Every structure is written in C-alpha cells, then in structure tokens.
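Peer 1: One structure coming up, written as structure tokens, with questions to follow.
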There are 2 protein chains.
Amino acid sequence: MTDANAAIDFYFDLTSPYGYLASERIEDIALKHGRSIRWRPILLGAVFKISGARPLLEVPLLDEYSRVDMPRSAREHNIPFTLPDPFPVATVAAARTVYWVELNDPGNVPAIVHALLRAYFVENINIGDAENVLDVAAASGVNRDTLAAALQDPAIKARLKDAVDEAIETKVFGSPYFIVDGEHFWGNDRMDQMDRWLHSGGW
Amino acid sequence: MTDANAAIDFYFDLTSPYGYLASERIEDIALKHGRSIRWRPILLGAVFKISGARPLLEVPLLDEYSRVDMPRSAREHNIPFTLPDPFPVATVAAARTVYWVELNDPGNVPAIVHALLRAYFVENINIGDAENVLDVAAASGVNRDTLAAALQDPAIKARLKDAVDEAIETKVFGSPYFIVDGEHFWGNDRMDQMDRWLHSGGW
C-alpha cells in the first residue's frame, strides 16, 4: 500500500556519481506520482564504517566496471557527466550548505543540490573545497558571507550530523537510497522499480 | 553497436538468489532480440577472493535490505521464491553438472539450470548436496549413474575451473552478470537496461 501524501526520502552523498544521476531523474518520478522529495545529503564515509563497504573505485573489478557504467548510464538518460578529478571528495561543507538552505530558504533546496552536483559532475569544480561551495551557492542566490559564517555554526554542524545519524538509524547504506511509504530502494538502477512500485501501489 | 549474431553470456552462481531471478527472465530478453544464451555457472567464492566482496547476507545493513528486496523483486515478476535454508551453499557439484550436460546434451542446458535453481529456491532442496543434484538431474532425464561418475572426472572438474578462470579473466565480479557485444551488465536490476541497450543498438 502507498500513501499518496508521503514524501520520497532521497539520500545521497554529494560526491556520489550514482547519486548525481539519480538527482537528475528523481523530480520527474516524484511529480508523476504526486510526491514531494526530502533531499537528504549524507556522508557515505560514516555509513561505510557501519557496513564495511568501500568506495566504488577502491573495489577491484567493480572499479573498472563503474568507470564504464557511470557514463553509459548517464548517456542513456542524456545526463551530462564526467567523472571529476579529484574523486571522491569530502562533502561536509556542501552537505551543510544544503541543510542550511533547507532551514533558511527551503524552496531553494532542489536548486542548490543541482547546482552543487552539476558543478562537480559537469564542470569539474571541486566541491570538496569550501570556497568553491560558497561560490556555487552564491551563484544560486545565497549570500556568500552569511553562508560562510553559517558553515562554522555548531547548529548547522549538528544538523548534518543528525541527518547522517538518522540515515544510519533508518538503515541507509548506500547512495542513492530511497525510502517511500516505508519501502527501501537502493541504487540508481532501482529508480525504475520504485517508479513501477508507486504506479501499481505496491505488489 | 550490437552484433545480432552474438550470444548473451550469462554468468551466475547457482546459490545466488539474484542469479535465480535473472534465470527466470533471461530467455524472454534473449528471444526478443534474437540472441542465444551461454549459461555460465561460476563459483562466486573464487571471484570474491579477487574483489574482496562478501556474500550479501554477511554485509551489515545490506543483509536486511536483501531479505526484503529479494522476495519483493521476485513478486514483481511473479517468480516463486523462498530464501532457502541452508543458504548459501557450495555449488561445485551443481555447476559441474551443468558443464557436463553442456558437453553431452547441450540442448538440455537451460532445463537443467532451471531444474537446479527451482529445486533450491522454490522447493528448498539443498543443491549443495551432490546426492540432491543427482536426483534433480535424473528427474530431468540425465542418467544418474553416468553423471555421478562424471562429477568425479578430472576433465569435468577442469572444465568448471576453466569456466571460473575465464569469468575472472573477463572481469566478472558478481551474480548475475551479463556480457553481450562486449558490454558488461551487472545485477538483476540491470536486465532492463540491457534490454533497452539491445533494443536501441547501444547509446
């Protein structure tokens, strides 16, 4: 059973290529089913400490496959994509930025997420660097100085930490990861299944 | 580009739930695109020694997800499925059986593969036990005594070993795993993408 009022919780790390690919498709799927989206950037490093998983490109064989599969999956959906260098990067500042925008200008969250991900995966701007994050956010209408101060605010630091803790408690273990109506879907390649699930009201 | 004459190489471990789910769908996809199938049972344990990957149900968080996802993915396609007990099992005898049938009665390979997988994932028959493998094969028209002797034949042992080595050389790292026209697709949830790839002639 589905609850048409419920949001899709969309968990992703801002350095995750498959999270980026998912971010370019999730709004169409949500719109189709009359759902909203809760954008939940997380830090996969913290999650991997629990699961013992390793970053994609550190796993023998999977790394080679991923280097082919990521651009192929992007091409299928006409999503511009280049594996950035450096990759991966720490996304603490970028994720804090999203949660700060959520608090201060919630309607701007999708735009900020897209701006950060496209900066990294299209323009190869290193969003692991807080200065670049500030530049990207400023270009999306955020006051650069206000955000720069906010990124050091203990309340914002705590907010990201809480979001990661909540993800771990909810058993999120990868990126992208979706929860809708209590159903968990892991991976970019499960978006079609989630779409079918929402369409049919479950099975 | 696709080559309409080429087979789909379908790699799977006979103890792999997602391999089983794929086995129930691969023939429809192959038929649709006029492709044959090369059924390649492998031993994931040997592959995981290279990749460092662990069996699904030994990975924290992923295990819980999989226990929900496997039956859900089965239900979507109306495939009968029960996670067997014991699980996983060693599939040396079962895999050798498939390669022996391939040598001696190649047209019977799909039937033997289905019989073994359905015995395990539908009827909870432990195909890690060679006696059960012989029973299942006998029910599919194989001479039980001939097969029992063949399973100890160094030539058949070598044939499975060669198949696993070939899979590793070809960079196969999971189950199910598909190679068609040189394109690699990993995972039950990538069958739809492979289907679209074959339909469109690549992208």
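Quick note on naming: the chains in the structure tokens go A, B, ... in the order shown, residues restart at 1 in each chain, and ligands are numbered from 1 in order of appearance.
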Chain B near chain A within 10 Å: what's each residue's closest atom pair and its distance in Å to one decimal, counting only C-alpha atoms, ordered by chain then ascending residue number, as a Markdown table?

Peer 2:
| residue | atom | partner | partner_atom | distance |
| --- | --- | --- | --- | --- |
| B:Val47 | CA | A:Leu61 | CA | 9.8 |
| B:Phe48 | CA | A:Pro60 | CA | 9.7 |
| B:Ile50 | CA | A:Pro60 | CA | 7.1 |
| B:Ser51 | CA | A:Pro60 | CA | 4.9 |
| B:Gly52 | CA | A:Val59 | CA | 7.4 |
| B:Ala53 | CA | A:Val59 | CA | 8.1 |
| B:Arg54 | CA | A:Ala53 | CA | 9.7 |
| B:Glu58 | CA | A:Ser51 | CA | 9.8 |
| B:Val59 | CA | A:Ser51 | CA | 6.3 |
| B:Pro60 | CA | A:Ser51 | CA | 4.9 |
| B:Leu61 | CA | A:Lys171 | CA | 6.0 |
| B:Leu62 | CA | A:Phe173 | CA | 7.1 |
| B:Asp63 | CA | A:Ser51 | CA | 9.8 |
| B:Glu64 | CA | A:Lys171 | CA | 8.6 |
| B:Tyr65 | CA | A:His184 | CA | 7.5 |
| B:Val68 | CA | A:His184 | CA | 8.7 |
| B:Asp69 | CA | A:Phe185 | CA | 8.2 |
| B:Arg72 | CA | A:Trp203 | CA | 7.5 |
| B:Ser73 | CA | A:Gln193 | CA | 8.7 |
| B:Arg75 | CA | A:Trp203 | CA | 6.7 |
| B:Glu76 | CA | A:Trp203 | CA | 6.5 |
| B:His77 | CA | A:Trp203 | CA | 9.8 |
| B:Asn78 | CA | A:Trp203 | CA | 9.8 |
| B:Ile168 | CA | A:Leu61 | CA | 9.2 |
| B:Thr170 | CA | A:Leu61 | CA | 9.8 |
| B:Lys171 | CA | A:Leu61 | CA | 6.1 |
| B:Val172 | CA | A:Leu61 | CA | 7.6 |
| B:Phe173 | CA | A:Leu61 | CA | 6.4 |
| B:Gly174 | CA | A:Leu62 | CA | 9.1 |
| B:Glu183 | CA | A:Val68 | CA | 9.1 |
| B:His184 | CA | A:Tyr65 | CA | 7.5 |
| B:Phe185 | CA | A:Asp69 | CA | 8.2 |
| B:Trp186 | CA | A:Tyr65 | CA | 8.6 |
| B:Gly187 | CA | A:Asp189 | CA | 9.4 |
| B:Asn188 | CA | A:Asp189 | CA | 9.8 |
| B:Asp189 | CA | A:Asp189 | CA | 6.2 |
| B:Arg190 | CA | A:Asp189 | CA | 6.7 |
| B:Met191 | CA | A:Asp189 | CA | 9.9 |
| B:Asp192 | CA | A:Asp192 | CA | 9.1 |
| B:Gln193 | CA | A:Asp189 | CA | 8.4 |
| B:Arg196 | CA | A:Glu76 | CA | 9.1 |
| B:Trp197 | CA | A:Glu76 | CA | 8.6 |
| B:Gly202 | CA | A:Glu76 | CA | 8.9 |
| B:Trp203 | CA | A:Glu76 | CA | 6.5 |

Peer 1: Any chance you could export the current selection's C-alpha atoms as a tab-separated table (two decimals), in the first residue's frame?

Peer 2:
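part.tsv written:
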chain	number	residue	atom	x	y	z
B	47	VAL	CA	35.56	-14.39	-7.68
B	48	PHE	CA	35.17	-12.74	-4.28
B	50	ILE	CA	39.77	-11.27	-6.20
B	51	SER	CA	37.28	-8.48	-5.50
B	52	GLY	CA	37.23	-8.77	-1.71
B	53	ALA	CA	33.43	-8.75	-1.84
B	54	ARG	CA	31.41	-10.71	0.69
B	58	GLU	CA	27.25	-11.20	5.52
B	59	VAL	CA	27.26	-7.46	4.87
B	60	PRO	CA	25.68	-5.41	7.66
B	61	LEU	CA	22.61	-3.43	6.51
B	62	LEU	CA	22.79	-4.93	3.02
B	63	ASP	CA	21.70	-8.24	4.55
B	64	GLU	CA	18.50	-6.77	5.98
B	65	TYR	CA	17.76	-4.93	2.75
B	68	VAL	CA	13.19	-7.67	1.87
B	69	ASP	CA	14.35	-6.93	-1.65
B	72	ARG	CA	9.90	-8.15	-3.48
B	73	SER	CA	11.82	-8.39	-6.75
B	75	ARG	CA	6.92	-10.81	-6.63
B	76	GLU	CA	7.25	-8.04	-9.21
B	77	HIS	CA	7.83	-10.66	-11.90
B	78	ASN	CA	5.60	-13.36	-10.40
B	168	ILE	CA	37.63	-13.88	-13.67
B	170	THR	CA	36.73	-11.46	-18.31
B	171	LYS	CA	36.34	-9.32	-15.13
B	172	VAL	CA	33.09	-10.88	-13.97
B	173	PHE	CA	32.67	-9.96	-10.30
B	174	GLY	CA	29.09	-10.73	-9.34
B	183	GLU	CA	29.13	-4.69	-22.96
B	184	HIS	CA	29.07	-5.71	-19.31
B	185	PHE	CA	25.90	-5.51	-17.20
B	186	TRP	CA	25.97	-6.46	-13.54
B	187	GLY	CA	22.96	-7.34	-11.48
B	188	ASN	CA	19.39	-8.49	-11.74
B	189	ASP	CA	18.30	-4.85	-11.75
B	190	ARG	CA	20.35	-4.14	-14.87
B	191	MET	CA	18.47	-6.59	-17.07
B	192	ASP	CA	16.03	-3.86	-18.08
B	193	GLN	CA	18.92	-1.62	-19.06
B	196	ARG	CA	16.92	-1.30	-23.68
B	197	TRP	CA	20.53	-1.34	-24.85
B	202	GLY	CA	23.52	0.87	-27.86
B	203	TRP	CA	23.89	4.52	-26.98

Peer 1: At a cut-off of 10 Å, using only C-alpha atoms, what residues contact Asn132 in chain B? Leave out same-chain residues fewer than 4 positions from it and give the result as a PyMOL selection string.

Peer 2: chain B and resi 93-94+116+119-120+125-128+136-138

Peer 1: Generate a file of the selected residues that holds all heavy atoms, formatted as an mmCIF file, in the first residue's frame.

Peer 2:
data_model
loop_
_atom_site.group_PDB
_atom_site.id
_atom_site.type_symbol
_atom_site.label_atom_id
_atom_site.label_comp_id
_atom_site.auth_asym_id
_atom_site.auth_seq_id
_atom_site.Cartn_x
_atom_site.Cartn_y
_atom_site.Cartn_z
ATOM 1 N N ALA B 93 29.204 -29.247 -7.270
ATOM 2 C CA ALA B 93 28.583 -30.384 -7.960
ATOM 3 C C ALA B 93 27.513 -29.902 -8.936
ATOM 4 O O ALA B 93 27.412 -30.409 -10.074
ATOM 5 C CB ALA B 93 27.974 -31.350 -6.944
ATOM 6 N N ALA B 94 26.732 -28.931 -8.516
ATOM 7 C CA ALA B 94 25.664 -28.421 -9.390
ATOM 8 C C ALA B 94 26.244 -27.771 -10.649
ATOM 9 O O ALA B 94 25.748 -27.990 -11.760
ATOM 10 C CB ALA B 94 24.803 -27.420 -8.613
ATOM 11 N N LEU B 116 17.739 -27.102 -11.363
ATOM 12 C CA LEU B 116 18.581 -26.947 -10.174
ATOM 13 C C LEU B 116 18.168 -25.707 -9.383
ATOM 14 O O LEU B 116 18.017 -25.755 -8.152
ATOM 15 C CB LEU B 116 20.049 -26.856 -10.576
ATOM 16 C CG LEU B 116 20.678 -28.164 -11.095
ATOM 17 C CD1 LEU B 116 22.016 -27.887 -11.791
ATOM 18 C CD2 LEU B 116 20.881 -29.156 -9.933
ATOM 19 N N ALA B 119 14.744 -26.137 -7.806
ATOM 20 C CA ALA B 119 14.816 -27.065 -6.681
ATOM 21 C C ALA B 119 15.256 -26.317 -5.421
ATOM 22 O O ALA B 119 14.670 -26.477 -4.343
ATOM 23 C CB ALA B 119 15.802 -28.196 -6.995
ATOM 24 N N TYR B 120 16.258 -25.466 -5.597
ATOM 25 C CA TYR B 120 16.813 -24.760 -4.444
ATOM 26 C C TYR B 120 15.912 -23.614 -3.973
ATOM 27 O O TYR B 120 15.589 -23.507 -2.779
ATOM 28 C CB TYR B 120 18.207 -24.243 -4.807
ATOM 29 C CG TYR B 120 19.003 -23.683 -3.652
ATOM 30 C CD1 TYR B 120 19.089 -24.365 -2.434
ATOM 31 C CD2 TYR B 120 19.696 -22.479 -3.782
ATOM 32 C CE1 TYR B 120 19.830 -23.853 -1.375
ATOM 33 C CE2 TYR B 120 20.442 -21.964 -2.737
ATOM 34 C CZ TYR B 120 20.499 -22.646 -1.534
ATOM 35 O OH TYR B 120 21.243 -22.131 -0.498
ATOM 36 N N ILE B 125 15.324 -27.577 -1.815
ATOM 37 C CA ILE B 125 16.190 -28.759 -1.886
ATOM 38 C C ILE B 125 17.637 -28.278 -1.891
ATOM 39 O O ILE B 125 18.018 -27.424 -2.704
ATOM 40 C CB ILE B 125 15.887 -29.579 -3.164
ATOM 41 C CG1 ILE B 125 14.481 -30.176 -3.059
ATOM 42 C CG2 ILE B 125 16.946 -30.651 -3.393
ATOM 43 C CD1 ILE B 125 13.970 -30.767 -4.354
ATOM 44 N N ASN B 126 18.428 -28.797 -0.986
ATOM 45 C CA ASN B 126 19.809 -28.331 -0.821
ATOM 46 C C ASN B 126 20.681 -28.831 -1.975
ATOM 47 O O ASN B 126 21.152 -29.972 -1.977
ATOM 48 C CB ASN B 126 20.356 -28.831 0.519
ATOM 49 C CG ASN B 126 21.804 -28.410 0.729
ATOM 50 O OD1 ASN B 126 22.432 -27.798 -0.148
ATOM 51 N ND2 ASN B 126 22.345 -28.732 1.896
ATOM 52 N N ILE B 127 20.917 -27.955 -2.953
ATOM 53 C CA ILE B 127 21.729 -28.361 -4.117
ATOM 54 C C ILE B 127 23.222 -28.250 -3.817
ATOM 55 O O ILE B 127 24.052 -28.435 -4.693
ATOM 56 C CB ILE B 127 21.364 -27.570 -5.390
ATOM 57 C CG1 ILE B 127 21.602 -26.066 -5.195
ATOM 58 C CG2 ILE B 127 19.920 -27.859 -5.816
ATOM 59 C CD1 ILE B 127 21.579 -25.279 -6.515
ATOM 60 N N GLY B 128 23.553 -27.962 -2.567
ATOM 61 C CA GLY B 128 24.939 -28.080 -2.142
ATOM 62 C C GLY B 128 25.310 -29.534 -1.879
ATOM 63 O O GLY B 128 26.491 -29.878 -1.762
ATOM 64 N N VAL B 136 17.977 -34.320 -8.861
ATOM 65 C CA VAL B 136 17.348 -33.280 -9.696
ATOM 66 C C VAL B 136 17.688 -33.521 -11.169
ATOM 67 O O VAL B 136 16.816 -33.442 -12.044
ATOM 68 C CB VAL B 136 17.816 -31.867 -9.255
ATOM 69 C CG1 VAL B 136 17.366 -30.811 -10.254
ATOM 70 C CG2 VAL B 136 17.298 -31.546 -7.856
ATOM 71 N N ALA B 137 18.945 -33.850 -11.431
ATOM 72 C CA ALA B 137 19.356 -34.088 -12.824
ATOM 73 C C ALA B 137 18.651 -35.321 -13.389
ATOM 74 O O ALA B 137 18.202 -35.330 -14.547
ATOM 75 C CB ALA B 137 20.875 -34.250 -12.900
ATOM 76 N N ALA B 138 18.538 -36.350 -12.562
ATOM 77 C CA ALA B 138 17.874 -37.580 -13.021
ATOM 78 C C ALA B 138 16.419 -37.294 -13.380
ATOM 79 O O ALA B 138 15.899 -37.808 -14.381
ATOM 80 C CB ALA B 138 17.962 -38.657 -11.938
#

Peer 1: Suppose you want the space between CA of Asp135 in chain A and CA of Leu147 in chain A; what is it in Å?

Peer 2: 10.3 Å

Peer 1: Using only C-alpha atoms, which of A:Leu21, A:Ala163, A:Ala150, A:Leu117 sits nearest Leu44 in chain A?

Peer 2: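 The closest residue to Leu44 in chain A is A:Ala163.
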
Peer 1: Please identify which residues in range 23-84 of chain A DSSP calls helix (DSSP H, G or I) from the backbone, and express them as a VMD selection string.

Peer 2: chain A and resid 23 26 to 32 44 to 51 56 to 58 62 to 76

Peer 1: Could you jot down the CA of Asp9 in chain B to CA of Tyr177 in chain B separation for me, Å, one decimal place?

Peer 2: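 Distance reported for this atom pair: 8.1 Å.
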
Peer 1: Interatomic distance between CA of Gly19 in chain A and CA of Val101 in chain A?

Peer 2: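 For CA of Gly19 in chain A relative to CA of Val101 in chain A, the distance reads 19.3 Å.
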
Peer 1: Nearest to Gly201 in chain B: which of B:Asp105, B:Phe10, B:His33, B:Arg25 is it, counting only C-alpha atoms?

Peer 2: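 Ranking B:Asp105, B:Phe10, B:His33, B:Arg25 by distance to Gly201 in chain B, first place goes to B:His33.
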
Peer 1: Taking the DSSP secondary structure from the backbone, can you list the residues of range 37-77 of chain B that are strand (DSSP E or B), as a PyMOL selection string?

Peer 2: chain B and resi 37-41

Peer 1: I'd like the neighbourhood of Thr82 in chain A as number ranges by chain, where a residue qualifies if any of its atoms comes within 10 Å (using only C-alpha atoms), though same-chain residues fewer than 5 positions away should be ignored.

Peer 2: A: 17, 70-71, 74, 118, 120-124

Peer 1: Ranking A:Ala139, A:Glu102, A:Asp195, A:Ser200 by minimum distance to Arg35 in chain A and counting only C-alpha atoms, which one comes first?

Peer 2: A:Asp195

Peer 1: With distances taken over only C-alpha atoms, which of A:Arg96, A:Leu198, A:Ala22, A:Asp85 is nearest to Val180 in chain A?

Peer 2: A:Leu198

Peer 1: Quick one: everything within 9 Å of Arg40 in chain B, counting only C-alpha atoms, minus sequence neighbours fewer than 6 positions away in the same chain. Send it as a ChimeraX atom specification.

Peer 2: /B:9-13,95,98-99,163-164,167
